[in-house]
Amino acid sequence: KMRKAAWKLGEEMKSWQVVAMVAVPVCSALKMSIGVFGATGLLGREVTWQALQRDIPVRALCRDPAKLTKPLGSCGEAAADSVIEDEKLFKFKGSVTNADDVEKVFEAGDIDGVVISLGGKTKDVGKTMLTEGTRNVIAAMKKYDVKRIAVVTSIGTGDSKDQAPFFFRVLMSTVMSSIFVDKNNQEELFTLPGSEGEGLEWTIVRPGGLTVEPPTGIINVIDGQAGSIARADVADFCLAAALDEDWSYLRQKPCISSVGGTGWTKDRSARAREGMTAAA
């Protein structure tokens with residue numbers, strides 16, 4: 001039985017739309033505290049901000065805590081350069097590839113769920129950061145008996161290759177080949193028999209083309225070719241995957257977009273990738 005209680009964000013009640021005959025529940029909560037890895041990225045900021053707006057304490061690992069600023073999509077350009085400050089936000093400076101840094105996030109013993117939204121250019125973060133970092137998070141989760149985790153990878157990983165458009169598949173096998181090797185290895189930490197994360201309550205989230213637009217409340221779980229989706233909507237989906245006790249996609253790899261099956265739009269503008277409103 002799926003609960004019908006909806007998350008309330010500001011004054012708006014949000015729900016999810018579906019295609020391909022897939023039912024997606026709105027989010028009902030456990031006791032709610034969450035660990036966020038990749039918190040200063042464009043998606044991680046959305047996860048952090050939205051959790052705090054729902055009174056969910058956040059423990060966030062940050063390479064640079066000063067870069068944990070309000071997200072453009074949910075907050076708008078006027079506020080997006082402001083550092084997030086909240087009594088429910090606990091920032092930990094460190095690297096996900098350092099096991100000791102990762103473990104500090106869990107030491108309070110109050111985390112119920114985890115969101116991993118790691119990213120960055122391979123030349124800056126290395127060819128194995130996603131896999132090594134996720135392996136450290138898995139180890140800490142096991143030590144502190146945390147079960148639930150949402151891991152954001154990408155459309156085109158694993159068995160979703162055909163859900164990416166042709167030109168993106170070309171990029172995956174050429175200029176993006178290193179990052180996709182790492183993303184695929186990251187997923188296999190959960191999906192391969194006997195893997196470190198196999199026994200956790202995982203969801204691998206494969207979004208379509210990411211934008212920095214405001215949340216739409218439309219999240220399509222699709223079987224066909226992906227379209228685009230706002231990071232704010234991906235964050236909403238991840239919070240449900242990490243905290244909803246009746247979550248329908250445990251140990252699954254849903255591909256999500258808002259423009260379901262109609263095309264591919266990735267926001268590569270300066271507004272999305274550069275500048276004060278969306279600094280990585």
# chains A, B, ... in the order shown; residues from 1 in each chain; ligands from 1
>>> residues_around(residues="Asp100 in chain A", least_positions_apart="4", cutoff="12 Å", atoms="only C-alpha atoms", output="compact mmCIF listing (two decimals) with N, CA, C and O atoms, in the first residue's frame")
# COMPACT_ATOMS: atom_id res chain seq x y z
N LEU A 61 28.84 16.22 3.47
CA LEU A 61 30.28 16.23 3.27
C LEU A 61 30.61 17.17 2.11
O LEU A 61 30.05 17.04 1.02
N PHE A 92 30.56 19.01 6.97
CA PHE A 92 31.81 18.33 7.26
C PHE A 92 32.76 18.56 6.09
O PHE A 92 32.47 18.19 4.96
N LYS A 93 33.90 19.17 6.36
CA LYS A 93 34.89 19.42 5.32
C LYS A 93 35.71 18.16 5.10
O LYS A 93 36.24 17.57 6.05
N GLY A 94 35.80 17.74 3.85
CA GLY A 94 36.59 16.55 3.57
C GLY A 94 36.34 16.02 2.18
O GLY A 94 35.64 16.63 1.37
N SER A 95 36.93 14.88 1.90
CA SER A 95 36.83 14.24 0.59
C SER A 95 36.16 12.88 0.72
O SER A 95 36.44 12.12 1.65
N VAL A 96 35.30 12.58 -0.22
CA VAL A 96 34.60 11.30 -0.20
C VAL A 96 35.56 10.14 -0.43
O VAL A 96 35.24 8.99 -0.08
N LYS A 104 33.07 10.40 9.51
CA LYS A 104 32.68 11.48 10.41
C LYS A 104 31.22 11.90 10.21
O LYS A 104 30.55 12.32 11.15
N VAL A 105 30.74 11.79 8.99
CA VAL A 105 29.36 12.17 8.70
C VAL A 105 28.38 11.27 9.45
O VAL A 105 27.28 11.69 9.82
N PHE A 106 28.78 10.04 9.71
CA PHE A 106 27.89 9.05 10.31
C PHE A 106 28.05 8.92 11.83
O PHE A 106 27.24 8.24 12.47
N GLU A 107 29.07 9.55 12.40
CA GLU A 107 29.42 9.27 13.79
C GLU A 107 28.33 9.61 14.79
O GLU A 107 28.26 9.00 15.86
N GLY A 133 34.73 6.70 -3.76
CA GLY A 133 33.92 7.43 -2.78
C GLY A 133 32.69 6.67 -2.37
O GLY A 133 32.34 6.59 -1.17
N ASN A 136 33.48 3.91 0.01
CA ASN A 136 33.66 4.39 1.38
C ASN A 136 32.32 4.66 2.07
O ASN A 136 32.16 4.37 3.26
N VAL A 137 31.36 5.22 1.33
CA VAL A 137 30.05 5.46 1.91
C VAL A 137 29.37 4.15 2.29
O VAL A 137 28.77 4.01 3.37
N ALA A 139 30.77 1.33 3.13
CA ALA A 139 31.43 0.79 4.32
C ALA A 139 30.95 1.48 5.59
O ALA A 139 30.68 0.83 6.61
N ALA A 140 30.82 2.81 5.53
CA ALA A 140 30.34 3.55 6.70
C ALA A 140 28.89 3.22 7.00
O ALA A 140 28.50 3.12 8.18
>>> residues_around(residues="range 184-199 of chain A", least_positions_apart="3", cutoff="12 Å", atoms="only C-alpha atoms", output="PyMOL selection string")
chain A and resi 116-119+127-142+145-161+172+177-181+202-206+250-253
>>> write_last_selection(atoms="C-alpha atoms", output="PDB file, in the first residue's frame")
ATOM      1  CA  ILE A 116      25.108  10.358  -3.322  1.00  0.00           C
ATOM      2  CA  SER A 117      25.247  13.000  -6.061  1.00  0.00           C
ATOM      3  CA  LEU A 118      28.942  13.050  -6.818  1.00  0.00           C
ATOM      4  CA  GLY A 119      30.308  14.689  -9.924  1.00  0.00           C
ATOM      5  CA  LYS A 127      39.132   8.567 -12.916  1.00  0.00           C
ATOM      6  CA  THR A 128      37.872   6.503  -9.971  1.00  0.00           C
ATOM      7  CA  MET A 129      36.436   9.081  -7.549  1.00  0.00           C
ATOM      8  CA  LEU A 130      32.826   7.951  -7.970  1.00  0.00           C
ATOM      9  CA  THR A 131      33.621   4.296  -7.308  1.00  0.00           C
ATOM     10  CA  GLU A 132      36.111   4.859  -4.499  1.00  0.00           C
ATOM     11  CA  GLY A 133      33.924   7.426  -2.781  1.00  0.00           C
ATOM     12  CA  THR A 134      30.798   5.320  -3.021  1.00  0.00           C
ATOM     13  CA  ARG A 135      32.678   2.318  -1.663  1.00  0.00           C
ATOM     14  CA  ASN A 136      33.657   4.394   1.377  1.00  0.00           C
ATOM     15  CA  VAL A 137      30.046   5.464   1.915  1.00  0.00           C
ATOM     16  CA  ILE A 138      28.865   1.855   1.712  1.00  0.00           C
ATOM     17  CA  ALA A 139      31.427   0.788   4.320  1.00  0.00           C
ATOM     18  CA  ALA A 140      30.344   3.550   6.700  1.00  0.00           C
ATOM     19  CA  MET A 141      26.671   2.717   6.177  1.00  0.00           C
ATOM     20  CA  LYS A 142      27.317  -0.886   7.127  1.00  0.00           C
ATOM     21  CA  ASP A 145      23.630   0.195  10.281  1.00  0.00           C
ATOM     22  CA  VAL A 146      22.199   2.613   7.700  1.00  0.00           C
ATOM     23  CA  LYS A 147      20.237   0.815   4.988  1.00  0.00           C
ATOM     24  CA  ARG A 148      18.687   3.306   2.583  1.00  0.00           C
ATOM     25  CA  ILE A 149      20.632   5.027  -0.202  1.00  0.00           C
ATOM     26  CA  ALA A 150      19.907   6.872  -3.464  1.00  0.00           C
ATOM     27  CA  VAL A 151      22.800   7.065  -5.925  1.00  0.00           C
ATOM     28  CA  VAL A 152      22.583   9.466  -8.863  1.00  0.00           C
ATOM     29  CA  THR A 153      24.421   8.262 -11.956  1.00  0.00           C
ATOM     30  CA  SER A 154      23.220   9.069 -15.483  1.00  0.00           C
ATOM     31  CA  ILE A 155      21.094   7.978 -18.356  1.00  0.00           C
ATOM     32  CA  GLY A 156      23.286   5.774 -20.522  1.00  0.00           C
ATOM     33  CA  THR A 157      24.856   3.764 -17.713  1.00  0.00           C
ATOM     34  CA  GLY A 158      24.472   0.007 -17.514  1.00  0.00           C
ATOM     35  CA  ASP A 159      21.428  -1.324 -19.303  1.00  0.00           C
ATOM     36  CA  SER A 160      20.094   2.178 -20.040  1.00  0.00           C
ATOM     37  CA  LYS A 161      22.489   2.837 -22.922  1.00  0.00           C
ATOM     38  CA  MET A 172      29.859   8.220 -23.925  1.00  0.00           C
ATOM     39  CA  SER A 177      34.411   7.389 -21.775  1.00  0.00           C
ATOM     40  CA  SER A 178      36.417   7.720 -18.535  1.00  0.00           C
ATOM     41  CA  ILE A 179      33.552   9.134 -16.493  1.00  0.00           C
ATOM     42  CA  PHE A 180      31.189   6.464 -17.778  1.00  0.00           C
ATOM     43  CA  VAL A 181      33.605   3.699 -16.839  1.00  0.00           C
ATOM     44  CA  TRP A 202      19.505   1.093  -2.825  1.00  0.00           C
ATOM     45  CA  THR A 203      18.011   3.011  -5.705  1.00  0.00           C
ATOM     46  CA  ILE A 204      20.152   4.002  -8.654  1.00  0.00           C
ATOM     47  CA  VAL A 205      18.693   7.179 -10.121  1.00  0.00           C
ATOM     48  CA  ARG A 206      19.402   7.772 -13.821  1.00  0.00           C
ATOM     49  CA  LEU A 250      14.042  -0.368  -3.989  1.00  0.00           C
ATOM     50  CA  ARG A 251      16.931  -2.147  -5.708  1.00  0.00           C
ATOM     51  CA  GLN A 252      15.876  -0.732  -9.067  1.00  0.00           C
ATOM     52  CA  LYS A 253      17.448   1.688 -11.570  1.00  0.00           C
TER      53      LYS A 253
END
>>> atom_distance(atom1="CA of Thr211 in chain A", atom2="CA of Ser33 in chain A")
26.7 Å
>>> atom_distance(atom1="CA of Gly224 in chain A", atom2="CA of Gly208 in chain A")
11.0 Å
>>> closest_residue(among="A:Glu46, A:Asp86, A:Asp112, A:Asp244", to="Lys70 in chain A", atoms="only C-alpha atoms")
A:Glu46
>>> select_by_dssp(residues="range 23-75 of chain A", states="alpha helix (DSSP H)", output="list in words")
Leu42, Leu43, Gly44, Arg45, Glu46, Val47, Thr48, Trp49, Gln50, Ala51, Leu52, Gln53, Leu72, Gly73, Ser74 and Cys75 of chain A
>>> write_last_selection(atoms="all heavy atoms", output="compact mmCIF listing (two decimals), in the first residue's frame")
# COMPACT_ATOMS: atom_id res chain seq x y z
N LEU A 42 25.65 21.06 -8.14
CA LEU A 42 24.37 21.67 -8.51
C LEU A 42 23.18 20.84 -8.03
O LEU A 42 22.17 21.40 -7.59
CB LEU A 42 24.30 21.86 -10.03
CG LEU A 42 25.35 22.80 -10.63
CD1 LEU A 42 25.23 22.82 -12.15
CD2 LEU A 42 25.22 24.19 -10.06
N LEU A 43 23.28 19.54 -8.09
CA LEU A 43 22.21 18.68 -7.59
C LEU A 43 22.25 18.54 -6.08
O LEU A 43 21.21 18.58 -5.41
CB LEU A 43 22.29 17.31 -8.26
CG LEU A 43 21.28 16.25 -7.79
CD1 LEU A 43 19.84 16.76 -7.92
CD2 LEU A 43 21.46 14.95 -8.57
N GLY A 44 23.45 18.39 -5.53
CA GLY A 44 23.57 18.24 -4.08
C GLY A 44 23.01 19.42 -3.31
O GLY A 44 22.44 19.26 -2.22
N ARG A 45 23.16 20.62 -3.86
CA ARG A 45 22.58 21.80 -3.21
C ARG A 45 21.05 21.70 -3.16
O ARG A 45 20.42 22.10 -2.17
CB ARG A 45 22.98 23.06 -3.97
CG ARG A 45 24.45 23.36 -3.97
CD ARG A 45 24.72 24.57 -4.81
NE ARG A 45 26.10 24.60 -5.27
CZ ARG A 45 26.56 25.49 -6.14
NH1 ARG A 45 25.75 26.41 -6.64
NH2 ARG A 45 27.81 25.45 -6.52
N GLU A 46 20.48 21.21 -4.25
CA GLU A 46 19.03 21.05 -4.27
C GLU A 46 18.57 20.03 -3.23
O GLU A 46 17.59 20.26 -2.51
CB GLU A 46 18.56 20.60 -5.67
CG GLU A 46 18.54 21.70 -6.71
CD GLU A 46 17.36 22.65 -6.55
OE1 GLU A 46 16.55 22.46 -5.63
OE2 GLU A 46 17.26 23.59 -7.35
N VAL A 47 19.28 18.92 -3.14
CA VAL A 47 18.93 17.90 -2.14
C VAL A 47 19.01 18.50 -0.74
O VAL A 47 18.09 18.34 0.09
CB VAL A 47 19.86 16.68 -2.26
CG1 VAL A 47 19.60 15.69 -1.12
CG2 VAL A 47 19.67 15.98 -3.61
N THR A 48 20.11 19.19 -0.47
CA THR A 48 20.32 19.78 0.85
C THR A 48 19.24 20.81 1.17
O THR A 48 18.62 20.78 2.25
CB THR A 48 21.70 20.44 0.92
OG1 THR A 48 22.71 19.45 0.68
CG2 THR A 48 21.94 21.10 2.26
N TRP A 49 18.99 21.72 0.26
CA TRP A 49 18.02 22.78 0.48
C TRP A 49 16.62 22.22 0.68
O TRP A 49 15.91 22.61 1.62
CB TRP A 49 18.03 23.76 -0.70
CG TRP A 49 16.98 24.82 -0.61
CD1 TRP A 49 15.80 24.90 -1.30
CD2 TRP A 49 17.01 25.98 0.23
NE1 TRP A 49 15.10 26.01 -0.94
CE2 TRP A 49 15.82 26.70 0.00
CE3 TRP A 49 17.94 26.46 1.15
CZ2 TRP A 49 15.53 27.88 0.65
CZ3 TRP A 49 17.64 27.65 1.81
CH2 TRP A 49 16.45 28.35 1.56
N GLN A 50 16.21 21.32 -0.18
CA GLN A 50 14.85 20.78 -0.08
C GLN A 50 14.66 19.99 1.21
O GLN A 50 13.59 20.05 1.83
CB GLN A 50 14.53 19.93 -1.30
CG GLN A 50 14.39 20.74 -2.57
CD GLN A 50 13.94 19.89 -3.75
OE1 GLN A 50 13.22 18.91 -3.58
NE2 GLN A 50 14.36 20.26 -4.95
N ALA A 51 15.67 19.25 1.63
CA ALA A 51 15.56 18.52 2.89
C ALA A 51 15.38 19.48 4.05
O ALA A 51 14.51 19.27 4.92
CB ALA A 51 16.79 17.64 3.09
N LEU A 52 16.16 20.53 4.08
CA LEU A 52 16.05 21.50 5.17
C LEU A 52 14.69 22.19 5.20
O LEU A 52 14.15 22.46 6.27
CB LEU A 52 17.16 22.54 5.05
CG LEU A 52 18.58 22.03 5.27
CD1 LEU A 52 19.60 23.10 4.89
CD2 LEU A 52 18.79 21.56 6.71
N GLN A 53 14.13 22.47 4.01
CA GLN A 53 12.82 23.09 3.96
C GLN A 53 11.73 22.17 4.50
O GLN A 53 10.65 22.63 4.89
CB GLN A 53 12.47 23.49 2.51
CG GLN A 53 13.44 24.49 1.89
CD GLN A 53 13.79 25.63 2.82
OE1 GLN A 53 12.94 26.45 3.17
NE2 GLN A 53 15.05 25.70 3.24
N LEU A 72 19.96 27.41 -7.54
CA LEU A 72 19.31 28.32 -8.47
C LEU A 72 17.88 27.91 -8.77
O LEU A 72 16.97 28.72 -8.79
CB LEU A 72 20.13 28.39 -9.76
CG LEU A 72 19.57 29.24 -10.90
CD1 LEU A 72 19.43 30.69 -10.47
CD2 LEU A 72 20.49 29.14 -12.12
N GLY A 73 17.66 26.62 -9.00
CA GLY A 73 16.34 26.17 -9.39
C GLY A 73 15.27 26.45 -8.36
O GLY A 73 14.23 27.03 -8.68
N SER A 74 15.52 26.07 -7.12
CA SER A 74 14.52 26.23 -6.07
C SER A 74 14.47 27.63 -5.48
O SER A 74 13.42 28.06 -4.97
CB SER A 74 14.77 25.22 -4.94
OG SER A 74 14.44 23.92 -5.33
N CYS A 75 15.59 28.36 -5.54
CA CYS A 75 15.66 29.65 -4.84
C CYS A 75 15.65 30.86 -5.76
O CYS A 75 15.39 31.98 -5.30
CB CYS A 75 16.91 29.69 -3.97
SG CYS A 75 16.92 28.45 -2.67
>>> closest_residue(among="A:Ala99, A:Met32, A:Val83, A:Val125", to="Ile56 in chain A", atoms="only C-alpha atoms")
A:Met32
>>> select_by_dssp(residues="range 41-145 of chain A", states="strand (DSSP E)", output="list in words")
Val58, Arg59, Ala60, Leu61, Cys62, Leu89, Phe90, Lys91, Phe92, Lys93, Gly113, Val114, Val115 and Ile116 of chain A
>>> closest_residue(among="A:Ala108, A:Ala164, A:Val115, A:Ala66", to="Phe237 in chain A", atoms="only C-alpha atoms")
A:Val115
